[in-house]
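File shown here: start-v5.txt, holding compact mmCIF, C-alpha atoms.
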# COMPACT_ATOMS: atom_id res chain seq x y z
CA MET A 281 -29.59 -5.13 -9.25
CA THR A 282 -28.43 -4.31 -5.74
CA PRO A 283 -24.71 -3.63 -5.45
CA HIS A 284 -24.68 -4.43 -1.75
CA THR A 285 -26.89 -5.75 1.01
CA GLU A 286 -27.54 -4.46 4.48
CA HIS A 287 -26.58 -6.78 7.31
CA ASN A 288 -26.46 -5.81 10.98
CA GLY A 289 -26.38 -2.18 9.91
CA GLN A 290 -23.23 -2.60 7.79
CA HIS A 291 -22.87 -2.52 4.03
CA ILE A 292 -21.74 -5.74 2.41
CA ASP A 293 -20.60 -5.51 -1.20
CA SER A 294 -21.13 -8.49 -3.48
CA ALA A 295 -18.14 -10.70 -4.35
CA GLY A 296 -18.76 -9.75 -7.99
CA THR A 297 -18.11 -6.06 -7.19
CA TYR A 298 -14.77 -6.96 -5.61
CA ILE A 299 -13.76 -9.15 -8.54
CA LEU A 300 -14.63 -6.34 -11.00
CA VAL A 301 -12.52 -3.87 -8.98
CA PHE A 302 -9.69 -6.43 -8.88
CA LEU A 303 -9.83 -6.90 -12.67
CA GLY A 304 -9.74 -3.11 -13.06
CA LEU A 305 -6.61 -2.98 -10.87
CA ILE A 306 -4.90 -5.70 -12.93
CA ALA A 307 -5.79 -3.88 -16.17
CA LEU A 308 -4.33 -0.63 -14.82
CA THR A 309 -1.14 -2.47 -13.76
CA VAL A 310 -0.72 -3.87 -17.29
CA LEU A 311 -1.45 -0.40 -18.75
CA THR A 312 1.07 1.43 -16.55
CA THR A 313 3.77 -1.16 -17.36
CA ALA A 314 3.08 -0.91 -21.10
CA VAL A 315 3.01 2.91 -21.08
CA ALA A 316 6.43 2.97 -19.36
CA PHE A 317 8.05 1.67 -22.56
CA VAL A 318 6.60 4.52 -24.65
CA ASP A 319 8.51 7.80 -24.78
CA LEU A 320 6.00 10.40 -23.58
CA GLY A 321 8.64 12.87 -22.38
CA ASP A 322 7.65 14.66 -19.17
CA PHE A 323 4.15 13.26 -19.54
CA SER A 324 5.38 9.77 -18.56
CA VAL A 325 5.52 10.87 -14.88
CA VAL A 326 1.98 12.26 -15.14
CA ALA A 327 0.74 9.04 -16.75
CA ALA A 328 2.44 6.78 -14.16
CA LEU A 329 1.21 8.79 -11.16
CA GLY A 330 -2.25 9.33 -12.68
CA ILE A 331 -2.71 5.58 -13.05
CA ALA A 332 -1.34 5.02 -9.51
CA VAL A 333 -3.88 7.52 -8.11
CA CYS A 334 -6.70 5.70 -9.96
CA LYS A 335 -5.55 2.39 -8.44
CA MET A 336 -5.33 3.98 -4.99
CA LEU A 337 -8.89 5.30 -5.31
CA LEU A 338 -10.19 1.86 -6.38
CA VAL A 339 -8.49 0.17 -3.40
CA ALA A 340 -9.54 2.85 -0.91
CA LEU A 341 -13.15 3.29 -2.06
CA PHE A 342 -14.00 -0.40 -2.53
CA PHE A 343 -11.51 -2.63 -0.65
CA MET A 344 -11.15 -0.21 2.29
CA HIS A 345 -14.89 0.58 2.25
CA VAL A 346 -14.37 4.36 2.17
CA ARG A 347 -17.53 4.71 0.08
CA HIS A 348 -19.51 3.26 3.02
CA SER A 349 -17.51 5.00 5.76
CA THR A 350 -18.68 7.79 8.05
CA LYS A 351 -18.28 11.46 7.16
CA LEU A 352 -15.81 11.86 10.03
CA THR A 353 -13.53 9.15 8.60
CA ARG A 354 -13.67 10.78 5.17
CA LEU A 355 -12.88 14.20 6.63
CA VAL A 356 -9.86 12.79 8.47
CA LEU A 357 -8.68 11.15 5.23
CA VAL A 358 -9.00 14.31 3.15
CA GLY A 359 -7.22 16.19 5.93
CA ALA A 360 -4.33 13.72 5.75
CA LEU A 361 -4.00 14.18 2.00
CA VAL A 362 -4.02 17.99 2.43
CA TRP A 363 -1.24 17.67 5.04
CA LEU A 364 0.78 15.44 2.71
CA GLY A 365 0.21 18.05 0.01
CA ILE A 366 1.58 20.78 2.30
CA LEU A 367 4.69 18.66 3.00
CA ILE A 368 5.33 18.11 -0.71
CA PHE A 369 4.33 21.57 -1.96
CA LEU A 370 6.35 23.61 0.55
CA THR A 371 9.46 21.43 0.20
CA LEU A 372 9.37 21.46 -3.59
CA SER A 373 8.69 25.20 -3.67
CA ASP A 374 12.10 25.52 -1.99
CA PHE A 375 14.05 22.99 -4.07
CA ALA A 376 12.44 23.93 -7.39
CA THR A 377 13.13 27.65 -7.05
CA ARG A 378 16.76 27.51 -5.88
CA GLY A 379 19.00 29.41 -8.26
CA PHE A 380 16.16 31.48 -9.76
CA THR A 381 17.94 34.74 -8.90
CA GLY A 382 21.37 33.66 -10.12
CA VAL A 383 22.84 34.85 -6.83
CA PRO A 384 24.81 32.07 -5.07
CA GLY A 385 23.22 31.11 -1.76
CA ARG A 386 19.94 32.89 -2.46
CA MET B 19 -19.82 -13.90 36.99
CA ALA B 20 -20.94 -15.89 34.00
CA SER B 21 -22.39 -12.97 32.07
CA GLU B 22 -19.23 -10.90 32.44
CA ALA B 23 -17.02 -13.79 31.35
CA HIS B 24 -19.17 -14.20 28.26
CA HIS B 25 -18.95 -10.49 27.59
CA ALA B 26 -15.15 -10.50 27.73
CA GLU B 27 -15.00 -13.50 25.43
CA THR B 28 -17.08 -12.15 22.58
CA LEU B 29 -16.16 -8.45 23.04
CA ALA B 30 -19.56 -7.80 21.52
CA LEU B 31 -20.08 -4.35 23.06
CA ARG B 32 -17.73 -2.55 25.44
CA GLU B 33 -19.47 -0.46 28.08
CA GLN B 34 -18.15 2.91 26.85
CA PHE B 35 -20.11 2.60 23.60
CA ASP B 36 -23.83 3.07 23.10
CA THR B 37 -24.23 0.81 20.08
CA GLU B 38 -22.25 -1.81 18.15
CA GLU B 39 -22.22 0.53 15.17
CA GLN B 40 -20.65 3.32 17.23
CA GLN B 41 -18.04 0.89 18.56
CA LYS B 42 -17.16 -0.26 15.06
CA ASP B 43 -16.96 3.30 13.70
CA ALA B 44 -14.60 4.22 16.54
CA SER B 45 -12.31 1.27 15.72
CA THR B 46 -12.31 2.10 12.02
CA LEU B 47 -11.52 5.76 12.67
CA GLY B 48 -8.72 4.80 15.07
CA MET B 49 -7.17 2.54 12.44
CA TRP B 50 -7.43 5.27 9.80
CA ILE B 51 -5.67 7.73 12.10
CA PHE B 52 -2.86 5.20 12.55
CA LEU B 53 -2.68 4.74 8.78
CA ILE B 54 -2.48 8.51 8.33
CA THR B 55 0.64 8.62 10.52
CA GLU B 56 1.97 5.92 8.19
CA ILE B 57 1.16 8.09 5.15
CA MET B 58 3.28 10.89 6.63
CA PHE B 59 6.01 8.36 7.52
CA PHE B 60 6.25 7.03 3.95
CA GLY B 61 5.53 10.55 2.62
CA GLY B 62 8.95 11.75 3.81
CA LEU B 63 10.65 9.00 1.81
CA PHE B 64 8.54 9.70 -1.27
CA LEU B 65 9.46 13.38 -0.95
CA ALA B 66 13.20 12.62 -0.60
CA TYR B 67 12.92 10.43 -3.70
CA THR B 68 11.18 13.24 -5.63
CA VAL B 69 13.81 15.84 -4.69
CA TYR B 70 16.82 13.64 -5.54
CA ARG B 71 15.22 12.41 -8.72
CA SER B 72 14.73 16.01 -9.86
CA TRP B 73 18.39 16.75 -9.07
CA TYR B 74 19.83 13.73 -10.90
CA PRO B 75 17.18 12.74 -13.48
CA GLN B 76 19.55 11.04 -15.92
CA ILE B 77 21.38 8.82 -13.42
CA PHE B 78 18.13 7.97 -11.61
CA ALA B 79 16.66 6.93 -14.97
CA VAL B 80 19.65 4.69 -15.73
CA ALA B 81 19.70 3.17 -12.22
CA SER B 82 15.91 2.69 -12.23
CA SER B 83 16.12 0.88 -15.56
CA SER B 84 18.44 -1.76 -14.05
CA LEU B 85 15.46 -3.06 -12.02
CA ASN B 86 13.51 -5.91 -13.63
CA VAL B 87 10.17 -4.38 -14.62
CA TYR B 88 8.50 -7.74 -15.35
CA ILE B 89 9.30 -9.10 -11.88
CA GLY B 90 8.02 -5.81 -10.40
CA ALA B 91 4.78 -5.97 -12.40
CA ALA B 92 4.26 -9.66 -11.55
CA ASN B 93 4.77 -8.90 -7.86
CA THR B 94 2.25 -6.05 -8.12
CA VAL B 95 -0.28 -8.56 -9.46
CA VAL B 96 0.53 -10.94 -6.55
CA LEU B 97 -0.09 -8.16 -4.04
CA LEU B 98 -3.36 -7.13 -5.74
CA CYS B 99 -4.49 -10.78 -5.58
CA SER B 100 -3.73 -10.78 -1.84
CA SER B 101 -5.84 -7.62 -1.45
CA LEU B 102 -8.73 -9.39 -3.20
CA THR B 103 -8.48 -12.42 -0.90
CA MET B 104 -8.21 -10.08 2.11
CA VAL B 105 -11.36 -8.18 1.20
CA LEU B 106 -13.13 -11.51 0.60
CA ALA B 107 -12.03 -12.61 4.10
CA VAL B 108 -13.57 -9.40 5.51
CA ARG B 109 -16.74 -10.11 3.52
CA ALA B 110 -16.84 -13.69 4.85
CA ALA B 111 -16.54 -12.27 8.38
CA GLN B 112 -19.35 -9.78 7.71
CA LEU B 113 -21.53 -12.71 6.64
CA GLY B 114 -20.34 -14.89 9.54
CA ARG B 115 -18.97 -17.64 7.27
CA GLN B 116 -16.42 -19.22 9.61
CA LYS B 117 -14.61 -21.56 7.20
CA SER B 118 -14.37 -18.95 4.43
CA ILE B 119 -12.74 -16.45 6.81
CA VAL B 120 -9.97 -18.93 7.64
CA TRP B 121 -9.37 -19.99 4.03
CA PHE B 122 -9.28 -16.46 2.62
CA LEU B 123 -6.90 -15.36 5.40
CA ILE B 124 -4.61 -18.33 4.64
CA LEU B 125 -4.66 -17.45 0.91
CA THR B 126 -3.79 -13.83 1.77
CA LEU B 127 -0.90 -15.02 3.95
CA ILE B 128 0.43 -17.30 1.18
CA LEU B 129 0.25 -14.49 -1.43
CA GLY B 130 1.99 -12.10 0.98
CA GLY B 131 4.70 -14.75 1.43
CA VAL B 132 5.09 -15.07 -2.35
CA PHE B 133 5.51 -11.29 -2.62
CA LEU B 134 8.23 -11.29 0.07
CA GLY B 135 9.94 -14.28 -1.57
CA VAL B 136 10.10 -12.50 -4.93
CA LYS B 137 11.34 -9.36 -3.17
CA ALA B 138 14.12 -11.40 -1.48
CA TYR B 139 15.10 -12.79 -4.90
CA GLU B 140 15.31 -9.24 -6.29
CA TRP B 141 17.39 -8.00 -3.34
CA ASN B 142 19.75 -10.96 -3.76
CA GLU B 143 20.23 -9.98 -7.41
CA LYS B 144 21.27 -6.51 -6.25
CA PHE B 145 23.86 -8.07 -3.90
CA VAL B 146 25.29 -10.11 -6.78
CA GLU B 147 25.43 -7.01 -9.03
CA HIS B 148 27.15 -4.87 -6.34
CA HIS B 149 24.18 -2.49 -6.32
CA ILE B 150 24.05 -2.36 -2.50
CA PRO B 151 25.09 1.12 -1.30
CA GLY B 152 28.40 0.93 0.54
CA PRO B 153 32.15 0.45 -0.06
CA SER B 154 31.71 -2.26 -2.71
CA PHE B 155 29.02 -0.37 -4.64
CA HIS B 156 29.64 -0.29 -8.38
CA PHE B 157 27.20 0.69 -11.10
CA GLU B 158 28.54 -0.03 -14.58
CA GLY B 159 28.72 2.62 -17.30
CA ILE B 160 28.46 5.87 -15.30
CA ALA B 161 31.23 8.18 -14.10
CA ASN B 162 29.48 9.60 -11.00
CA GLN B 163 28.64 6.75 -8.60
CA GLY B 164 27.19 9.01 -5.86
CA PRO B 165 23.71 9.67 -7.30
CA ALA B 166 23.39 5.99 -8.31
CA GLN B 167 24.12 5.04 -4.68
CA LEU B 168 21.45 7.54 -3.64
CA PHE B 169 18.93 5.85 -5.90
CA PHE B 170 19.69 2.43 -4.45
CA SER B 171 19.73 3.79 -0.87
CA LEU B 172 16.20 5.09 -1.45
CA TYR B 173 15.24 1.87 -3.25
CA PHE B 174 16.31 -0.27 -0.27
CA ALA B 175 14.87 2.12 2.33
CA MET B 176 11.47 2.27 0.61
CA THR B 177 11.11 -1.39 -0.44
CA GLY B 178 12.66 -2.48 2.89
CA LEU B 179 10.23 -0.45 4.95
CA HIS B 180 7.39 -1.73 2.77
CA ALA B 181 8.58 -5.32 3.26
CA LEU B 182 8.77 -4.76 7.03
CA HIS B 183 5.12 -3.71 6.93
CA MET B 184 4.33 -6.89 4.98
CA VAL B 185 6.08 -9.01 7.62
CA ILE B 186 4.08 -7.28 10.39
CA GLY B 187 0.94 -7.82 8.29
CA ALA B 188 1.78 -11.51 7.97
CA GLY B 189 2.10 -11.73 11.76
CA LEU B 190 -1.31 -10.09 12.15
CA LEU B 191 -2.79 -12.53 9.61
CA ILE B 192 -1.41 -15.55 11.50
CA THR B 193 -2.99 -14.22 14.72
CA LEU B 194 -6.31 -13.72 12.91
CA ILE B 195 -6.19 -17.22 11.41
CA PHE B 196 -5.83 -18.77 14.88
CA GLN B 197 -8.62 -16.58 16.27
CA ALA B 198 -10.90 -17.29 13.30
CA ARG B 199 -10.32 -21.06 13.70
CA LYS B 200 -11.63 -20.73 17.25
CA GLY B 201 -14.72 -18.98 15.90
CA ARG B 202 -13.93 -15.61 17.48
CA PHE B 203 -15.49 -13.64 14.63
CA SER B 204 -19.12 -13.32 13.72
CA ALA B 205 -21.35 -10.98 11.76
CA SER B 206 -21.80 -8.85 14.90
CA TYR B 207 -18.10 -8.83 15.90
CA MET B 208 -15.42 -8.84 13.19
CA THR B 209 -13.54 -5.61 13.94
CA PRO B 210 -10.04 -7.24 14.09
CA VAL B 211 -10.53 -8.72 10.60
CA ASP B 212 -11.79 -5.35 9.37
CA VAL B 213 -8.90 -3.24 10.71
CA VAL B 214 -6.21 -5.73 9.64
CA GLY B 215 -7.87 -5.57 6.23
CA LEU B 216 -7.45 -1.78 6.23
CA TYR B 217 -3.78 -2.20 7.15
CA TRP B 218 -3.18 -4.79 4.43
CA HIS B 219 -4.82 -2.64 1.74
CA PHE B 220 -2.84 0.38 2.92
CA VAL B 221 0.43 -1.55 2.45
CA ASP B 222 -0.88 -2.48 -1.00
CA ILE B 223 -1.46 1.22 -1.82
CA ILE B 224 2.13 2.05 -0.79
CA TRP B 225 3.37 -0.55 -3.29
CA ILE B 226 0.98 0.86 -5.94
CA PHE B 227 3.05 4.08 -5.75
CA LEU B 228 6.47 2.43 -5.23
CA PHE B 229 6.15 0.29 -8.35
CA PRO B 230 5.81 3.11 -10.94
CA LEU B 231 8.21 5.46 -9.09
CA LEU B 232 11.03 2.94 -8.70
CA TYR B 233 10.58 0.68 -11.72
CA LEU B 234 8.73 2.57 -14.43
CA ILE B 235 9.39 6.30 -14.58
CA ASP B 236 11.88 7.28 -17.29
CA ARG B 237 12.46 3.71 -18.36
CA HIS B 238 12.53 4.96 -21.96
CA LEU B 239 15.41 7.33 -21.00
CA GLY B 240 17.48 4.69 -19.27
CA ARG B 241 17.75 2.20 -22.11

Target encoding structure tokens, full file:
Amino acid sequence: MTPHTEHNGQHIDSAGTYILVFLGLIALTVLTTAVAFVDLGDFSVVAALGIAVCKMLLVALFFMHVRHSTKLTRLVLVGALVWLGILIFLTLSDFATRGFTGVPGR
Amino acid sequence: MASEAHHAETLALREQFDTEEQQKDASTLGMWIFLITEIMFFGGLFLAYTVYRSWYPQIFAVASSSLNVYIGAANTVVLLCSSLTMVLAVRAAQLGRQKSIVWFLILTLILGGVFLGVKAYEWNEKFVEHHIPGPSFHFEGIANQGPAQLFFSLYFAMTGLHALHMVIGAGLLITLIFQARKGRFSASYMTPVDVVGLYWHFVDIIWIFLFPLLYLIDRHLGR
């Protein structure tokens, strides 16, 4: 079975691949909605975001053709996620550690 | 000259590129770089949401639980359907199937319209319930209205900005539909369909994160 065909030098996935990915996305949507009604404590955030990341990867890799894209495009993408990580990590490292010393204003 | 006119019409290969493949890779990379600026743009809002949610977890949980999770989930499904039709439109363009391109783009446009319609219905509900931040804001059952207003400010900023992107996407789709009807796209030239596809899927990914963050997290606490 060939998952995709070559045409004019570009990769063309089969319609079946896209429908499978779509069904996976629907299943994950149902799962994340169902899990929201279960009390998992702090883990509910992890579960919700974990499922969202899985859905993002499915959309990016298949629908946005990242799995067929050039190395340069992938590098730029990973760079963007690292930069977003810096934004979130540095900001939260401030807000999360305020009041650690018990000294007002420090 | 006839050959130049033909060249401009099909845009098959601009002179600064060596091959069609190189031209297409350049377009794709350019679109991704634009989308990355969009990631940082939305990233600021996601970060603001994270910080305020960690400051007022209880009130954010209560306010979040006032959103209708079933409408949110149904709208997520609508948007995922539109992503499927969009990717099928791109596939039709890759294969040079003229009629399929037009029909899949029209389906995508209709599904995008349904999403925006449902969103408008939800926003209207918020107006009726006085959940719009401002002088007439009132959230029942909590003493401190400030953090609840913050939640709804972020809710409207994030869903509003997302909806604006959908409206722009719809405009792009309408343009593509007219171009596709004229037979502008073929297996050797379908870059506009491809990059609008990237944009549409990106907007979908933003909603994939907005839905759990706004509707789902801490629902069990808010009841």

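Among the candidates B:Met184, B:Phe174, B:Ile235, B:Gln34, the residue lying nearest to Phe145 in chain B is B:Phe174 (atoms considered: all atoms listed in the file).
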
What separation in Å, quoted to one decimal, exists between CA of Lys335 in chain A and CA of Leu305 in chain A?
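Here the two named atoms are 6.0 Å from each other.
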
With a cut-off of 9 Å and counting only C-alpha atoms, select all residues of chain A in contact with chain B and give the selection as a PDB file with C-alpha atoms, in the coordinates of the input.
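Done, and the output landed in out-v8.pdb:
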ATOM      1  CA  HIS A 287     -26.580  -6.780   7.310  1.00  0.00           C
ATOM      2  CA  ASN A 288     -26.460  -5.810  10.980  1.00  0.00           C
ATOM      3  CA  GLY A 289     -26.380  -2.180   9.910  1.00  0.00           C
ATOM      4  CA  GLN A 290     -23.230  -2.600   7.790  1.00  0.00           C
ATOM      5  CA  HIS A 291     -22.870  -2.520   4.030  1.00  0.00           C
ATOM      6  CA  ILE A 292     -21.740  -5.740   2.410  1.00  0.00           C
ATOM      7  CA  ASP A 293     -20.600  -5.510  -1.200  1.00  0.00           C
ATOM      8  CA  SER A 294     -21.130  -8.490  -3.480  1.00  0.00           C
ATOM      9  CA  ALA A 295     -18.140 -10.700  -4.350  1.00  0.00           C
ATOM     10  CA  TYR A 298     -14.770  -6.960  -5.610  1.00  0.00           C
ATOM     11  CA  ILE A 299     -13.760  -9.150  -8.540  1.00  0.00           C
ATOM     12  CA  VAL A 301     -12.520  -3.870  -8.980  1.00  0.00           C
ATOM     13  CA  PHE A 302      -9.690  -6.430  -8.880  1.00  0.00           C
ATOM     14  CA  LEU A 305      -6.610  -2.980 -10.870  1.00  0.00           C
ATOM     15  CA  ILE A 306      -4.900  -5.700 -12.930  1.00  0.00           C
ATOM     16  CA  THR A 309      -1.140  -2.470 -13.760  1.00  0.00           C
ATOM     17  CA  VAL A 310      -0.720  -3.870 -17.290  1.00  0.00           C
ATOM     18  CA  THR A 312       1.070   1.430 -16.550  1.00  0.00           C
ATOM     19  CA  THR A 313       3.770  -1.160 -17.360  1.00  0.00           C
ATOM     20  CA  VAL A 315       3.010   2.910 -21.080  1.00  0.00           C
ATOM     21  CA  ALA A 316       6.430   2.970 -19.360  1.00  0.00           C
ATOM     22  CA  PHE A 317       8.050   1.670 -22.560  1.00  0.00           C
ATOM     23  CA  VAL A 318       6.600   4.520 -24.650  1.00  0.00           C
ATOM     24  CA  ASP A 319       8.510   7.800 -24.780  1.00  0.00           C
ATOM     25  CA  LEU A 320       6.000  10.400 -23.580  1.00  0.00           C
ATOM     26  CA  GLY A 321       8.640  12.870 -22.380  1.00  0.00           C
ATOM     27  CA  ASP A 322       7.650  14.660 -19.170  1.00  0.00           C
ATOM     28  CA  SER A 324       5.380   9.770 -18.560  1.00  0.00           C
ATOM     29  CA  VAL A 325       5.520  10.870 -14.880  1.00  0.00           C
ATOM     30  CA  ALA A 328       2.440   6.780 -14.160  1.00  0.00           C
ATOM     31  CA  LEU A 329       1.210   8.790 -11.160  1.00  0.00           C
ATOM     32  CA  ALA A 332      -1.340   5.020  -9.510  1.00  0.00           C
ATOM     33  CA  VAL A 333      -3.880   7.520  -8.110  1.00  0.00           C
ATOM     34  CA  LYS A 335      -5.550   2.390  -8.440  1.00  0.00           C
ATOM     35  CA  MET A 336      -5.330   3.980  -4.990  1.00  0.00           C
ATOM     36  CA  VAL A 339      -8.490   0.170  -3.400  1.00  0.00           C
ATOM     37  CA  ALA A 340      -9.540   2.850  -0.910  1.00  0.00           C
ATOM     38  CA  PHE A 343     -11.510  -2.630  -0.650  1.00  0.00           C
ATOM     39  CA  MET A 344     -11.150  -0.210   2.290  1.00  0.00           C
ATOM     40  CA  HIS A 345     -14.890   0.580   2.250  1.00  0.00           C
ATOM     41  CA  SER A 349     -17.510   5.000   5.760  1.00  0.00           C
ATOM     42  CA  THR A 350     -18.680   7.790   8.050  1.00  0.00           C
ATOM     43  CA  LEU A 352     -15.810  11.860  10.030  1.00  0.00           C
ATOM     44  CA  THR A 353     -13.530   9.150   8.600  1.00  0.00           C
ATOM     45  CA  VAL A 356      -9.860  12.790   8.470  1.00  0.00           C
ATOM     46  CA  LEU A 357      -8.680  11.150   5.230  1.00  0.00           C
ATOM     47  CA  ALA A 360      -4.330  13.720   5.750  1.00  0.00           C
ATOM     48  CA  LEU A 361      -4.000  14.180   2.000  1.00  0.00           C
ATOM     49  CA  TRP A 363      -1.240  17.670   5.040  1.00  0.00           C
ATOM     50  CA  LEU A 364       0.780  15.440   2.710  1.00  0.00           C
ATOM     51  CA  LEU A 367       4.690  18.660   3.000  1.00  0.00           C
ATOM     52  CA  ILE A 368       5.330  18.110  -0.710  1.00  0.00           C
ATOM     53  CA  THR A 371       9.460  21.430   0.200  1.00  0.00           C
ATOM     54  CA  LEU A 372       9.370  21.460  -3.590  1.00  0.00           C
ATOM     55  CA  PHE A 375      14.050  22.990  -4.070  1.00  0.00           C
ATOM     56  CA  ALA A 376      12.440  23.930  -7.390  1.00  0.00           C
TER      57      ALA A 376
END

Please write out, as lines of an AutoDock Vina configuration file, where the centre of an axis-aligned box around all listed atoms of range 343-359 of chain A lies and how long its edges are, in Å to one decimal, after adding 8 Å on each side.
center_x = -13.4
center_y = 6.8
center_z = 4.7
size_x = 28.3
size_y = 34.8
size_z = 26.7

For range 159-167 of chain B, list every protein, DNA or RNA residue within 8 Å, evaluated using all atoms listed in the file, and leave out those in the same chain fewer than 4 positions away; present the list as JSON, numbers by chain.
{"B": [74, 77, 78, 81, 149, 150, 151, 152, 155, 171]}

May I have the residues within 8 Å of Val214 in chain B as a ChimeraX atom specification, using all atoms listed in the file and disregarding those fewer than 5 positions away in the same chain?
/B:187,190-191

Selected residues written out, C-alpha atoms, as a compact mmCIF listing (two decimals), in the coordinates of the input:
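Final file, result_30.txt:
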# COMPACT_ATOMS: atom_id res chain seq x y z
CA GLY B 187 0.94 -7.82 8.29
CA LEU B 190 -1.31 -10.09 12.15
CA LEU B 191 -2.79 -12.53 9.61

How many Å lie between CA of Arg354 in chain A and CA of Phe60 in chain B, rounded to one decimal?
20.3 Å

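A straight line drawn from CA of Ile89 in chain B to CA of Phe323 in chain A is 24.2 Å long.
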
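If you measure from each of B:Leu97, B:Val120, B:Ala188, B:Leu168 to Pro75 in chain B using all atoms listed in the file, the closest one turns out to be B:Leu168.
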